[in-house]
$ cat data_19.csv   # CSV, C-alpha atoms
chain,number,residue,atom,x,y,z
A,81,MET,CA,43.3,-24.5,-36.6
A,82,GLY,CA,43.0,-20.8,-37.1
A,83,LYS,CA,43.9,-18.0,-34.7
A,84,LYS,CA,40.3,-17.2,-33.9
A,85,GLU,CA,39.6,-20.8,-32.8
A,86,GLN,CA,42.7,-20.8,-30.6
A,87,GLN,CA,41.7,-17.6,-29.0
A,88,GLN,CA,38.2,-18.9,-28.4
A,89,GLN,CA,39.5,-22.0,-26.7
A,90,ARG,CA,41.7,-19.9,-24.4
A,91,ASP,CA,38.7,-17.8,-23.5
A,92,THR,CA,36.6,-20.8,-22.8
A,93,ALA,CA,39.4,-22.3,-20.6
A,94,LYS,CA,39.6,-19.1,-18.5
A,95,VAL,CA,35.8,-19.1,-18.1
A,96,GLU,CA,35.9,-22.6,-16.8
A,97,ALA,CA,38.7,-21.8,-14.5
A,98,VAL,CA,36.8,-19.0,-12.9
A,99,LEU,CA,33.7,-21.2,-12.4
A,100,GLU,CA,35.8,-23.9,-10.9
A,101,LEU,CA,37.3,-21.6,-8.4
A,102,ILE,CA,33.9,-20.4,-7.3
A,103,ARG,CA,32.5,-24.0,-7.0
A,104,LYS,CA,35.4,-25.0,-4.8
A,105,GLN,CA,34.4,-22.5,-2.2
A,106,ASN,CA,30.6,-22.7,-2.2
A,107,GLN,CA,28.0,-24.8,-4.1
A,108,LEU,CA,26.1,-22.7,-6.5
A,109,THR,CA,22.3,-22.7,-6.6
A,110,VAL,CA,20.2,-23.1,-9.7
A,111,LYS,CA,19.6,-19.4,-10.0
A,112,GLN,CA,23.3,-18.6,-9.4
A,113,GLU,CA,24.3,-21.2,-12.1
A,114,LYS,CA,21.9,-19.4,-14.5
A,115,PHE,CA,23.4,-16.1,-13.7
A,116,CYS,CA,27.0,-17.3,-14.1
A,117,ASN,CA,26.7,-18.1,-17.8
A,118,TYR,CA,29.5,-17.7,-20.3
A,119,ALA,CA,28.8,-14.1,-21.3
A,120,CYS,CA,28.6,-13.0,-17.6
A,121,VAL,CA,31.9,-14.6,-16.7
A,122,GLU,CA,33.5,-13.2,-19.8
A,123,ARG,CA,32.5,-9.7,-18.8
A,124,PHE,CA,34.1,-10.1,-15.4
A,125,LEU,CA,37.3,-11.4,-17.0
A,126,LYS,CA,37.4,-8.4,-19.4
A,127,GLN,CA,37.0,-6.0,-16.5
A,128,LYS,CA,39.9,-7.6,-14.6
A,129,GLY,CA,42.2,-7.8,-17.5
A,130,ASP,CA,41.7,-11.6,-18.1
A,131,ASN,CA,43.0,-12.3,-14.6
A,132,VAL,CA,41.3,-15.5,-13.4
A,133,LYS,CA,41.8,-15.1,-9.7
A,134,ARG,CA,40.6,-11.4,-9.6
A,135,ALA,CA,37.6,-12.2,-11.8
A,136,ALA,CA,36.6,-15.1,-9.6
A,137,LYS,CA,36.9,-12.9,-6.5
A,138,GLN,CA,34.8,-10.2,-8.1
A,139,LEU,CA,32.2,-12.6,-9.3
A,140,LYS,CA,31.9,-14.2,-5.8
A,141,SER,CA,31.5,-10.8,-4.3
A,142,CYS,CA,28.7,-10.1,-6.8
A,143,LEU,CA,26.9,-13.3,-5.9
A,144,SER,CA,27.0,-12.4,-2.2
A,145,TRP,CA,25.8,-8.9,-2.9
A,146,ARG,CA,22.8,-10.2,-4.9
A,147,ASP,CA,21.8,-12.5,-2.0
A,148,SER,CA,22.0,-9.6,0.5
A,149,ILE,CA,19.9,-7.3,-1.7
A,150,GLY,CA,17.4,-10.1,-2.4
A,151,ILE,CA,17.3,-9.5,-6.2
A,152,GLU,CA,15.3,-12.7,-6.8
A,153,ASN,CA,12.5,-11.3,-4.6
A,154,LEU,CA,12.3,-7.8,-6.2
A,155,ILE,CA,8.8,-7.1,-7.6
A,156,ALA,CA,7.0,-4.1,-8.9
A,157,ASP,CA,4.5,-4.1,-6.1
A,158,GLU,CA,7.3,-2.9,-3.8
A,159,PHE,CA,7.8,0.3,-5.7
A,160,SER,CA,4.2,1.3,-6.5
A,161,ALA,CA,4.7,4.9,-5.5
A,162,GLU,CA,7.9,5.2,-7.6
A,163,LEU,CA,6.3,3.6,-10.6
A,164,ALA,CA,3.3,6.0,-10.4
A,165,ASP,CA,5.5,9.1,-10.3
A,166,GLY,CA,7.9,7.8,-12.9
A,167,LEU,CA,11.1,8.2,-10.9
A,168,ALA,CA,12.9,5.3,-12.6
A,169,TYR,CA,11.7,3.4,-15.7
A,170,VAL,CA,12.8,1.9,-19.0
A,171,ALA,CA,11.7,4.2,-21.8
A,172,GLY,CA,12.4,2.0,-24.8
A,173,HIS,CA,15.2,0.7,-27.0
A,174,ASP,CA,17.7,2.7,-29.2
A,175,ASP,CA,18.7,1.8,-32.8
A,176,GLN,CA,21.1,-0.9,-31.5
A,177,SER,CA,18.4,-2.5,-29.4
A,178,ARG,CA,19.9,-1.3,-26.2
A,179,PRO,CA,17.4,-0.5,-23.4
A,180,VAL,CA,17.3,3.2,-22.3
A,181,MET,CA,16.6,3.9,-18.6
A,182,ILE,CA,15.4,7.3,-17.4
A,183,PHE,CA,16.0,8.3,-13.7
A,184,ARG,CA,14.1,11.4,-12.5
A,185,ILE,CA,14.8,11.0,-8.8
A,186,LYS,CA,14.2,14.2,-6.7
A,187,GLN,CA,16.4,15.5,-4.0
A,188,ASP,CA,13.7,15.2,-1.3
A,189,TYR,CA,13.4,11.5,-2.1
A,190,GLN,CA,16.7,10.7,-0.5
A,191,LYS,CA,15.6,12.6,2.7
A,192,ILE,CA,12.6,10.3,3.1
A,193,HIS,CA,14.1,7.0,2.0
A,194,SER,CA,17.3,5.3,3.0
A,195,GLN,CA,20.2,4.6,0.8
A,196,LYS,CA,19.4,0.9,0.8
A,197,TRP,CA,15.9,1.6,-0.5
A,198,LEU,CA,17.4,3.8,-3.3
A,199,THR,CA,19.8,1.0,-4.2
A,200,ARG,CA,16.9,-1.5,-4.5
A,201,LEU,CA,15.1,0.9,-6.8
A,202,LEU,CA,18.2,1.3,-9.0
A,203,VAL,CA,18.7,-2.5,-9.1
A,204,PHE,CA,15.1,-3.2,-9.9
A,205,THR,CA,15.2,-0.8,-12.9
A,206,ILE,CA,18.4,-2.3,-14.1
A,207,GLU,CA,17.0,-5.8,-13.8
A,208,VAL,CA,14.0,-4.8,-15.8
A,209,ALA,CA,16.3,-3.4,-18.5
A,210,ILE,CA,18.3,-6.6,-18.6
A,211,SER,CA,15.1,-8.7,-18.8
A,212,VAL,CA,13.9,-6.8,-21.9
A,213,MET,CA,17.3,-6.8,-23.5
A,214,PRO,CA,17.3,-8.9,-26.8
A,215,LYS,CA,20.0,-11.5,-27.5
A,216,ASN,CA,21.9,-9.3,-29.9
A,217,ALA,CA,22.4,-6.5,-27.2
A,218,GLN,CA,24.5,-6.7,-24.1
A,219,GLN,CA,24.5,-3.1,-22.8
A,220,PHE,CA,22.1,-0.5,-21.7
A,221,VAL,CA,21.9,3.4,-21.5
A,222,MET,CA,21.3,5.5,-18.4
A,223,VAL,CA,19.8,9.0,-18.5
A,224,LEU,CA,19.9,10.8,-15.2
A,225,ASP,CA,17.8,14.0,-15.0
A,226,ALA,CA,19.5,16.3,-12.4
A,227,SER,CA,17.2,19.2,-12.9
A,228,PHE,CA,15.3,18.2,-9.7
A,229,TYR,CA,18.5,18.8,-7.6
A,230,ARG,CA,19.4,22.0,-6.0
A,231,SER,CA,22.6,20.7,-4.3
A,232,ALA,CA,25.5,19.6,-6.4
A,233,SER,CA,27.0,17.4,-3.7
A,234,ALA,CA,23.7,15.6,-3.2
A,235,PHE,CA,23.5,14.7,-6.8
A,236,MET,CA,27.1,13.8,-6.9
A,237,ASN,CA,26.5,11.2,-4.1
A,238,LEU,CA,23.7,9.7,-6.2
A,239,LEU,CA,25.7,9.6,-9.4
A,240,LEU,CA,28.8,8.1,-7.8
A,241,ALA,CA,26.7,5.4,-6.0
A,242,ALA,CA,25.0,4.5,-9.3
A,243,LEU,CA,28.2,4.3,-11.3
A,244,LYS,CA,29.9,2.2,-8.6
A,245,LEU,CA,27.0,-0.1,-8.5
A,246,VAL,CA,27.0,-0.6,-12.2
A,247,GLY,CA,30.8,-0.9,-12.4
A,248,ASP,CA,31.2,-3.5,-9.6
A,249,TYR,CA,28.1,-5.7,-10.1
A,250,TYR,CA,27.2,-5.1,-13.8
A,251,PRO,CA,30.6,-4.9,-15.5
A,252,GLY,CA,30.5,-4.3,-19.2
A,253,ARG,CA,26.8,-3.4,-19.2
A,254,LEU,CA,26.9,0.4,-19.4
A,255,PHE,CA,27.2,1.9,-22.8
A,256,LYS,CA,26.5,5.5,-22.0
A,257,ALA,CA,25.4,7.5,-19.0
A,258,PHE,CA,24.0,11.0,-19.6
A,259,VAL,CA,23.7,13.6,-16.9
A,260,ILE,CA,21.0,16.2,-17.8
A,261,ASP,CA,21.0,19.8,-16.4
A,262,PRO,CA,23.1,19.3,-13.2
A,263,PRO,CA,23.5,22.1,-10.6
A,264,SER,CA,25.9,24.9,-11.4
A,265,LEU,CA,28.7,23.6,-9.1
A,266,PHE,CA,28.5,20.1,-10.4
A,267,ALA,CA,30.9,20.7,-13.3
A,268,TYR,CA,33.7,21.8,-11.0
A,269,MET,CA,33.2,18.8,-8.6
A,270,TRP,CA,33.0,16.4,-11.5
A,271,LYS,CA,36.2,17.7,-13.0
A,272,GLY,CA,38.0,16.8,-9.7
A,273,VAL,CA,36.3,13.5,-9.2
A,274,ARG,CA,36.1,11.9,-12.6
A,275,ALA,CA,39.7,10.8,-12.6
A,276,PHE,CA,38.9,8.4,-9.8
A,277,VAL,CA,35.6,7.1,-11.3
A,278,GLU,CA,35.9,3.9,-13.3
A,279,LEU,CA,33.0,4.7,-15.7
A,280,SER,CA,33.8,8.4,-16.1
A,281,ALA,CA,34.7,7.8,-19.8
A,282,ALA,CA,31.1,6.6,-20.5
A,283,THR,CA,29.5,9.5,-18.5
A,284,THR,CA,28.6,12.7,-20.4
A,285,VAL,CA,27.2,15.9,-19.0
A,286,VAL,CA,24.5,17.5,-21.2
A,287,SER,CA,22.4,20.6,-21.0
A,288,SER,CA,18.9,20.5,-22.3
A,289,LEU,CA,19.1,24.1,-23.5
A,290,ASP,CA,21.3,23.0,-26.4
A,291,TYR,CA,18.3,21.1,-27.9
A,292,GLU,CA,15.6,23.7,-27.7
A,293,GLU,CA,15.4,24.1,-31.5
A,294,SER,CA,16.1,20.4,-32.4
A,295,LEU,CA,13.7,17.8,-33.7
A,296,GLU,CA,10.0,18.7,-33.9
A,297,PHE,CA,9.3,19.2,-30.2
A,298,ASN,CA,9.6,23.0,-30.3
A,299,ASP,CA,8.2,23.5,-33.7
A,300,PHE,CA,5.5,26.2,-33.5
A,301,ALA,CA,3.4,24.8,-36.3
A,302,ALA,CA,3.4,21.3,-34.7
A,303,TYR,CA,1.5,22.6,-31.6
A,304,HIS,CA,-0.9,24.9,-33.4
A,305,PRO,CA,-2.4,23.9,-36.8
A,306,ARG,CA,-2.7,27.5,-37.8
A,307,GLY,CA,0.8,28.4,-36.6
A,308,SER,CA,2.2,28.9,-40.1
A,309,SER,CA,-0.6,31.3,-41.0
A,310,LEU,CA,0.1,33.5,-37.9
A,311,ARG,CA,3.5,34.3,-39.1
A,312,PHE,CA,4.4,37.1,-41.5
A,313,ASP,CA,5.9,35.9,-44.7
A,314,HIS,CA,7.4,38.7,-46.6
A,315,SER,CA,8.0,36.6,-49.7
A,316,THR,CA,4.2,36.4,-50.4
A,317,ILE,CA,3.8,40.2,-50.7
A,318,GLN,CA,5.0,42.1,-53.7
A,319,SER,CA,6.8,45.2,-52.6
A,320,THR,CA,6.3,48.5,-54.4
A,321,ALA,CA,8.9,50.3,-52.3
A,322,LYS,CA,10.4,53.6,-53.5
A,323,ILE,CA,13.5,55.5,-52.3
A,324,GLY,CA,12.7,57.1,-48.9
A,325,SER,CA,9.4,55.4,-48.3
A,326,CYS,CA,7.6,52.0,-48.3
A,327,SER,CA,4.1,51.5,-49.7
A,328,SER,CA,1.8,48.7,-50.5
A,329,SER,CA,-1.8,48.2,-51.6
A,330,ARG,CA,-3.2,49.0,-48.1
A,331,PHE,CA,-0.7,51.4,-46.4
A,332,ALA,CA,2.3,53.6,-46.8
A,333,PHE,CA,5.2,54.0,-44.3
A,334,THR,CA,8.2,56.4,-44.2
A,335,VAL,CA,11.1,56.2,-41.9
A,336,SER,CA,12.2,59.5,-40.4
A,337,GLN,CA,15.8,60.2,-39.9
A,338,SER,CA,15.1,62.4,-36.8
A,339,PHE,CA,13.5,60.6,-33.9
A,340,ASP,CA,10.5,62.3,-32.3
A,341,SER,CA,9.5,60.9,-28.9
A,342,LEU,CA,6.1,62.5,-29.1
A,343,LYS,CA,5.2,61.5,-32.7
A,344,PRO,CA,7.5,58.7,-33.9
A,345,TRP,CA,5.0,57.7,-36.5
A,346,TYR,CA,1.9,59.2,-38.2
A,347,LEU,CA,-1.5,57.5,-38.3
A,348,SER,CA,-4.0,58.6,-41.0
A,349,MET,CA,-7.6,57.5,-41.5
A,350,GLY,CA,-7.2,57.8,-45.3
A,351,ASP,CA,-7.1,54.8,-47.6
A,352,THR,CA,-4.7,55.2,-50.5
A,353,SER,CA,-5.4,51.8,-52.1
A,354,ALA,CA,-6.7,51.4,-55.6
A,355,SER,CA,-9.2,48.6,-54.7
A,356,LYS,CA,-12.2,49.7,-52.8
A,357,VAL,CA,-14.8,47.4,-51.3
A,358,GLY,CA,-17.1,49.8,-49.4
A,359,THR,CA,-17.9,53.4,-49.7
A,360,THR,CA,-15.0,55.4,-51.2
A,361,SER,CA,-16.4,58.9,-51.5
A,362,PRO,CA,-13.9,61.5,-50.5
A,363,SER,CA,-14.4,63.3,-47.2
A,364,PRO,CA,-15.2,67.0,-47.3
A,365,VAL,CA,-12.7,67.7,-44.5
A,366,THR,CA,-9.5,65.8,-45.5
A,367,GLY,CA,-10.2,65.3,-49.2
A,368,GLN,CA,-9.4,61.6,-48.9
A,369,ALA,CA,-11.6,58.5,-48.8
A,370,ARG,CA,-12.5,57.6,-45.2
A,371,ILE,CA,-11.8,54.1,-44.0
A,372,SER,CA,-15.0,52.2,-43.2
A,373,PRO,CA,-15.5,48.7,-41.8
A,374,LEU,CA,-16.3,47.6,-45.3
A,375,ASN,CA,-13.2,48.7,-47.1
A,376,ALA,CA,-10.5,48.5,-44.5
A,377,ARG,CA,-9.1,45.6,-42.4
A,378,SER,CA,-6.7,47.7,-40.3
A,379,PHE,CA,-5.5,51.3,-39.9
A,380,SER,CA,-3.0,52.7,-42.4
A,381,PHE,CA,0.4,54.2,-41.7
A,382,ALA,CA,1.0,57.2,-44.0
A,383,SER,CA,3.9,59.5,-44.6
A,384,PRO,CA,3.8,63.1,-43.4
A,385,ALA,CA,3.4,64.2,-47.0
A,386,SER,CA,0.2,62.2,-47.5
A,387,ARG,CA,-0.9,63.2,-44.0
A,388,THR,CA,-0.7,67.0,-44.8
A,389,PRO,CA,-4.3,68.4,-45.4
A,390,ARG,CA,-5.1,70.2,-48.6
A,391,GLY,CA,-7.5,73.1,-49.5
A,392,ASP,CA,-9.9,74.3,-46.8
A,393,ALA,CA,-8.7,71.6,-44.5
A,394,ALA,CA,-5.3,73.2,-44.4
A,395,ARG,CA,-6.7,76.4,-42.9
A,396,LEU,CA,-8.6,74.4,-40.3
A,397,ALA,CA,-5.5,72.4,-39.4
A,398,ARG,CA,-3.4,75.5,-38.8
A,399,LYS,CA,-6.0,76.7,-36.2
A,400,SER,CA,-6.0,73.3,-34.5
A,401,LEU,CA,-4.6,72.8,-31.0
A,402,PHE,CA,-1.7,70.5,-32.1
A,403,PRO,CA,0.5,71.9,-34.9
A,404,SER,CA,1.7,69.6,-37.6
A,405,THR,CA,5.2,68.2,-37.4
A,406,PRO,CA,7.5,69.6,-40.1
A,407,LEU,CA,9.0,67.3,-42.7
A,408,PRO,CA,12.6,66.3,-42.1
A,409,GLN,CA,15.2,67.4,-44.5
A,410,ARG,CA,16.5,64.8,-46.9
A,411,VAL,CA,20.2,64.3,-46.5
A,412,THR,CA,22.1,62.4,-49.1
A,413,PRO,CA,24.6,60.1,-47.4
A,414,SER,CA,28.1,60.3,-48.6
A,415,VAL,CA,29.5,56.9,-49.8
A,416,LYS,CA,33.0,56.3,-48.6
A,417,ALA,CA,35.4,54.1,-50.6
A,418,ALA,CA,36.0,50.8,-48.9
A,419,THR,CA,39.6,50.5,-47.9
A,420,PRO,CA,41.1,47.0,-47.8
A,421,ARG,CA,41.9,45.8,-44.3
A,422,THR,CA,45.4,44.9,-43.4
A,423,PRO,CA,45.7,41.2,-42.9
A,424,ARG,CA,46.6,40.0,-39.4
A,425,ALA,CA,50.2,39.1,-38.9
A,426,SER,CA,50.9,35.4,-38.6
A,427,PHE,CA,52.9,35.8,-35.4
A,428,LEU,CA,49.9,37.3,-33.6
A,429,GLN,CA,47.8,34.1,-34.1
A,430,SER,CA,47.7,31.4,-31.6
A,431,PRO,CA,50.1,28.4,-32.2
A,432,ALA,CA,47.1,26.1,-31.7
A,433,THR,CA,45.7,27.2,-35.1
A,434,PHE,CA,48.6,25.6,-36.9
A,435,PHE,CA,47.8,22.2,-35.5
A,436,ARG,CA,44.0,22.4,-35.9
A,437,ARG,CA,42.7,19.9,-38.4
A,438,GLU,CA,40.0,20.6,-40.9
A,439,GLY,CA,36.6,19.3,-39.7
A,440,HIS,CA,37.8,19.1,-36.1
A,441,VAL,CA,35.0,18.6,-33.6
A,442,SER,CA,35.3,19.8,-30.0
A,443,ARG,CA,34.4,17.6,-27.0
A,444,GLY,CA,31.2,19.6,-26.3
A,445,GLU,CA,30.0,19.1,-29.8
A,446,LYS,CA,30.7,15.4,-29.6
A,447,SER,CA,28.8,15.0,-26.3
A,448,ARG,CA,25.9,17.0,-27.8
A,449,GLU,CA,25.7,14.8,-30.9
A,450,SER,CA,25.9,11.6,-28.9
A,451,PHE,CA,22.8,12.5,-26.9
A,452,VAL,CA,20.7,13.4,-30.0
A,453,PRO,CA,19.5,9.7,-30.5
A,454,TYR,CA,18.3,9.6,-26.9
A,455,LEU,CA,16.6,13.0,-26.8
A,456,LYS,CA,13.2,11.5,-27.8
A,457,PHE,CA,13.3,9.1,-24.8
A,458,TYR,CA,14.1,12.0,-22.5
A,459,ARG,CA,11.2,14.1,-23.8
A,460,ARG,CA,8.7,11.3,-24.2
A,461,PRO,CA,5.9,11.4,-21.6
A,462,TYR,CA,5.9,8.6,-19.0
A,463,ASP,CA,3.2,5.9,-19.1
A,464,GLU,CA,3.0,3.6,-16.2
A,465,MET,CA,1.0,0.9,-18.0
A,466,VAL,CA,3.4,0.8,-20.9
A,467,TYR,CA,6.3,0.3,-18.5
A,468,ARG,CA,4.6,-2.4,-16.5
A,469,SER,CA,3.8,-4.2,-19.7
A,470,LYS,CA,7.5,-4.6,-20.3
A,471,MET,CA,8.2,-6.4,-17.0
A,472,ARG,CA,8.5,-10.1,-17.1
A,473,PRO,CA,7.7,-12.4,-14.2
A,474,PRO,CA,8.4,-12.2,-11.3
A,475,LEU,CA,9.6,-8.6,-11.6
A,476,GLY,CA,6.1,-7.4,-12.6
A,477,GLY,CA,4.5,-8.8,-9.5
A,478,LEU,CA,1.1,-10.5,-9.5
A,479,ILE,CA,0.0,-8.6,-12.6
A,480,SER,CA,2.7,-10.2,-14.7
A,481,ILE,CA,2.4,-13.6,-13.1
A,482,VAL,CA,-1.3,-14.0,-13.9
A,483,SER,CA,-1.5,-14.1,-17.7
A,484,PRO,CA,-4.2,-11.9,-19.3
A,485,HIS,CA,-5.1,-14.8,-21.6
A,486,ILE,CA,-6.4,-16.8,-18.6
A,487,ARG,CA,-10.0,-15.8,-18.1
A,488,ARG,CA,-12.6,-17.1,-15.7
A,489,ARG,CA,-15.0,-19.5,-17.4
A,490,HIS,CA,-18.7,-19.0,-17.1
A,491,VAL,CA,-20.3,-21.2,-14.4
A,492,SER,CA,-24.0,-21.8,-14.4
A,493,LEU,CA,-26.1,-21.7,-11.2
A,494,SER,CA,-26.5,-25.4,-11.1
A,495,GLN,CA,-22.7,-26.0,-11.1
A,496,ARG,CA,-22.1,-23.5,-8.3
A,497,TYR,CA,-24.0,-25.4,-5.7
$ encode --input "data_19.csv" --output "structure tokens"
Amino acid sequence: MGKKEQQQQRDTAKVEAVLELIRKQNQLTVKQEKFCNYACVERFLKQKGDNVKRAAKQLKSCLSWRDSIGIENLIADEFSAELADGLAYVAGHDDQSRPVMIFRIKQDYQKIHSQKWLTRLLVFTIEVAISVMPKNAQQFVMVLDASFYRSASAFMNLLLAALKLVGDYYPGRLFKAFVIDPPSLFAYMWKGVRAFVELSAATTVVSSLDYEESLEFNDFAAYHPRGSSLRFDHSTIQSTAKIGSCSSSRFAFTVSQSFDSLKPWYLSMGDTSASKVGTTSPSPVTGQARISPLNARSFSFASPASRTPRGDAARLARKSLFPSTPLPQRVTPSVKAATPRTPRASFLQSPATFFRREGHVSRGEKSRESFVPYLKFYRRPYDEMVYRSKMRPPLGGLISIVSPHIRRRHVSLSQRY
């Protein structure tokens, strides 16, 4: 007999001992016997450190609590308003077939409803997640959206109540709990409370601002089919830049070293391009080809040299109201030899750098990476009919009890009377 078989026999004996202690006190009903299966008792034993008496006491308390809540009578018709608003629902399954629950409970909801009603809503959502859980999965994931809360203490009360409920009556079921965008003071409160919370190790605080540029949700081209054409791609244009100025087939632009608040740039109506579509006859005033709607798509930016009039137009320009701006003097920048920097002394560095490993990942980066697989569930729009279709009887109410395959047969007039 191998070591694995011996360990399995000891585990089975402990499970039977727990069930025997419970049966001595009260007779279990059929539904309670179904709930207290081998996997359920094993989770209670694991939580209590394989202590048979403590596990039996906790399991008995769980059975009494389930009777007081009335879990067997929970149906979706009781939470019609909550299901319509999408306050709590199962969004789907992750890569390991674990159901993912989304909670978007608002702060005003607790003012209108009692704590017992909120507990029933949480229990109903958890029961739906367990009912859709496949055989190869034993845990679920919770995502709590705290962006609807203005008070950090109010959300802290909700979070602690939810974690205590899961830890006491659903041991070993929680895989991860993510808190999204909590109030500003929540981080300080959570730092002082997490040491006393049993499931604090599985709880992670995440900010949605860290995922603005992730996946394809904020991709500009994904929302607009012409998004890629609305962006300027400098790689598609062959530059013919010269020293001191920049020019292309349609315009020329020169950067001035002296900033003029009145005329920071110069606009000319002349077209210096070689390719002409419309009328390209030179103007008698400026001596340049005028831009027409046929040969120009936009105005051109020209340097002051190209903007300066020639010939007769120069005399007219001198008599104009606004004098031309003089050209700035070209100054050749002096190039200084790059001097090598003195390396920083080793004794000025922090001692922590000597113990830092290569490829070390901080706690914030780990929490951010752990939420990436569940980001799609958080951003996926809620659909009430899809969520109701996942409910199994009797949780789904009358809609799930009456099978859609059962249809009313056609009855003739002679059979009705």
$ residues_near_point --input "data_19.csv" --point "(3.8, 6.0, -11.7)" --cutoff "10 Å" --atoms "only C-alpha atoms" --output "PyMOL selection string"
chain A and resi 159-169+462-465+467-468
$ closest_residue --input "data_19.csv" --among "A:Ala226, A:Gln88, A:Lys94, A:Glu158" --to "Leu201 in chain A" --atoms "only C-alpha atoms"
A:Glu158
$ closest_residue --input "data_19.csv" --among "A:Phe124, A:Phe235, A:Tyr454, A:Phe266" --to "Ser288 in chain A" --atoms "all atoms listed in the file"
A:Tyr454
$ residues_around --input "data_19.csv" --residues "Thr284 in chain A" --least-positions-apart "4" --cutoff "12 Å" --atoms "only C-alpha atoms" --output "PDB file with C-alpha atoms, in the frame of the given file"
ATOM      1  CA  VAL A 221      21.900   3.400 -21.500  1.00  0.00           C
ATOM      2  CA  MET A 222      21.300   5.500 -18.400  1.00  0.00           C
ATOM      3  CA  VAL A 223      19.800   9.000 -18.500  1.00  0.00           C
ATOM      4  CA  LEU A 224      19.900  10.800 -15.200  1.00  0.00           C
ATOM      5  CA  LEU A 239      25.700   9.600  -9.400  1.00  0.00           C
ATOM      6  CA  PHE A 255      27.200   1.900 -22.800  1.00  0.00           C
ATOM      7  CA  LYS A 256      26.500   5.500 -22.000  1.00  0.00           C
ATOM      8  CA  ALA A 257      25.400   7.500 -19.000  1.00  0.00           C
ATOM      9  CA  PHE A 258      24.000  11.000 -19.600  1.00  0.00           C
ATOM     10  CA  VAL A 259      23.700  13.600 -16.900  1.00  0.00           C
ATOM     11  CA  ILE A 260      21.000  16.200 -17.800  1.00  0.00           C
ATOM     12  CA  ASP A 261      21.000  19.800 -16.400  1.00  0.00           C
ATOM     13  CA  PRO A 262      23.100  19.300 -13.200  1.00  0.00           C
ATOM     14  CA  ALA A 267      30.900  20.700 -13.300  1.00  0.00           C
ATOM     15  CA  TRP A 270      33.000  16.400 -11.500  1.00  0.00           C
ATOM     16  CA  LYS A 271      36.200  17.700 -13.000  1.00  0.00           C
ATOM     17  CA  ARG A 274      36.100  11.900 -12.600  1.00  0.00           C
ATOM     18  CA  LEU A 279      33.000   4.700 -15.700  1.00  0.00           C
ATOM     19  CA  SER A 280      33.800   8.400 -16.100  1.00  0.00           C
ATOM     20  CA  ARG A 443      34.400  17.600 -27.000  1.00  0.00           C
ATOM     21  CA  GLY A 444      31.200  19.600 -26.300  1.00  0.00           C
ATOM     22  CA  GLU A 445      30.000  19.100 -29.800  1.00  0.00           C
ATOM     23  CA  LYS A 446      30.700  15.400 -29.600  1.00  0.00           C
ATOM     24  CA  SER A 447      28.800  15.000 -26.300  1.00  0.00           C
ATOM     25  CA  ARG A 448      25.900  17.000 -27.800  1.00  0.00           C
ATOM     26  CA  GLU A 449      25.700  14.800 -30.900  1.00  0.00           C
ATOM     27  CA  SER A 450      25.900  11.600 -28.900  1.00  0.00           C
ATOM     28  CA  PHE A 451      22.800  12.500 -26.900  1.00  0.00           C
TER      29      PHE A 451
END
$ closest_residue --input "data_19.csv" --among "A:Lys128, A:Lys83, A:Arg184, A:His173" --to "Pro251 in chain A" --atoms "only C-alpha atoms"
A:Lys128
$ residues_around --input "data_19.csv" --residues "Gly172 in chain A" --least-positions-apart "3" --cutoff "8 Å" --atoms "only C-alpha atoms" --output "MDAnalysis selection string"
chainID A and resid 179:181 457
$ build_atoms --input "data_19.csv" --residues "range 281-290 of chain A" --atoms "N, CA and C atoms" --output "PDB file, in the coordinates of the input"
ATOM      1  N   ALA A 281      34.599   7.644 -18.344  1.00  0.00           N
ATOM      2  CA  ALA A 281      34.700   7.800 -19.800  1.00  0.00           C
ATOM      3  C   ALA A 281      33.367   7.615 -20.491  1.00  0.00           C
ATOM      4  N   ALA A 282      32.469   6.839 -19.890  1.00  0.00           N
ATOM      5  CA  ALA A 282      31.100   6.600 -20.500  1.00  0.00           C
ATOM      6  C   ALA A 282      30.104   7.587 -19.991  1.00  0.00           C
ATOM      7  N   THR A 283      30.489   8.534 -19.125  1.00  0.00           N
ATOM      8  CA  THR A 283      29.500   9.500 -18.500  1.00  0.00           C
ATOM      9  C   THR A 283      29.702  10.836 -19.251  1.00  0.00           C
ATOM     10  N   THR A 284      28.580  11.428 -19.654  1.00  0.00           N
ATOM     11  CA  THR A 284      28.600  12.700 -20.400  1.00  0.00           C
ATOM     12  C   THR A 284      27.584  13.643 -19.729  1.00  0.00           C
ATOM     13  N   VAL A 285      28.011  14.881 -19.526  1.00  0.00           N
ATOM     14  CA  VAL A 285      27.200  15.900 -19.000  1.00  0.00           C
ATOM     15  C   VAL A 285      26.575  16.743 -20.097  1.00  0.00           C
ATOM     16  N   VAL A 286      25.258  16.862 -20.118  1.00  0.00           N
ATOM     17  CA  VAL A 286      24.500  17.500 -21.200  1.00  0.00           C
ATOM     18  C   VAL A 286      23.587  18.538 -20.658  1.00  0.00           C
ATOM     19  N   SER A 287      23.397  19.621 -21.404  1.00  0.00           N
ATOM     20  CA  SER A 287      22.400  20.600 -21.000  1.00  0.00           C
ATOM     21  C   SER A 287      21.257  20.578 -22.022  1.00  0.00           C
ATOM     22  N   SER A 288      20.049  20.592 -21.487  1.00  0.00           N
ATOM     23  CA  SER A 288      18.900  20.500 -22.300  1.00  0.00           C
ATOM     24  C   SER A 288      18.621  21.773 -23.144  1.00  0.00           C
ATOM     25  N   LEU A 289      19.248  22.897 -22.749  1.00  0.00           N
ATOM     26  CA  LEU A 289      19.100  24.100 -23.500  1.00  0.00           C
ATOM     27  C   LEU A 289      19.704  24.075 -24.876  1.00  0.00           C
ATOM     28  N   ASP A 290      20.628  23.129 -25.071  1.00  0.00           N
ATOM     29  CA  ASP A 290      21.300  23.000 -26.400  1.00  0.00           C
ATOM     30  C   ASP A 290      20.346  22.351 -27.414  1.00  0.00           C
TER      31      ASP A 290
END
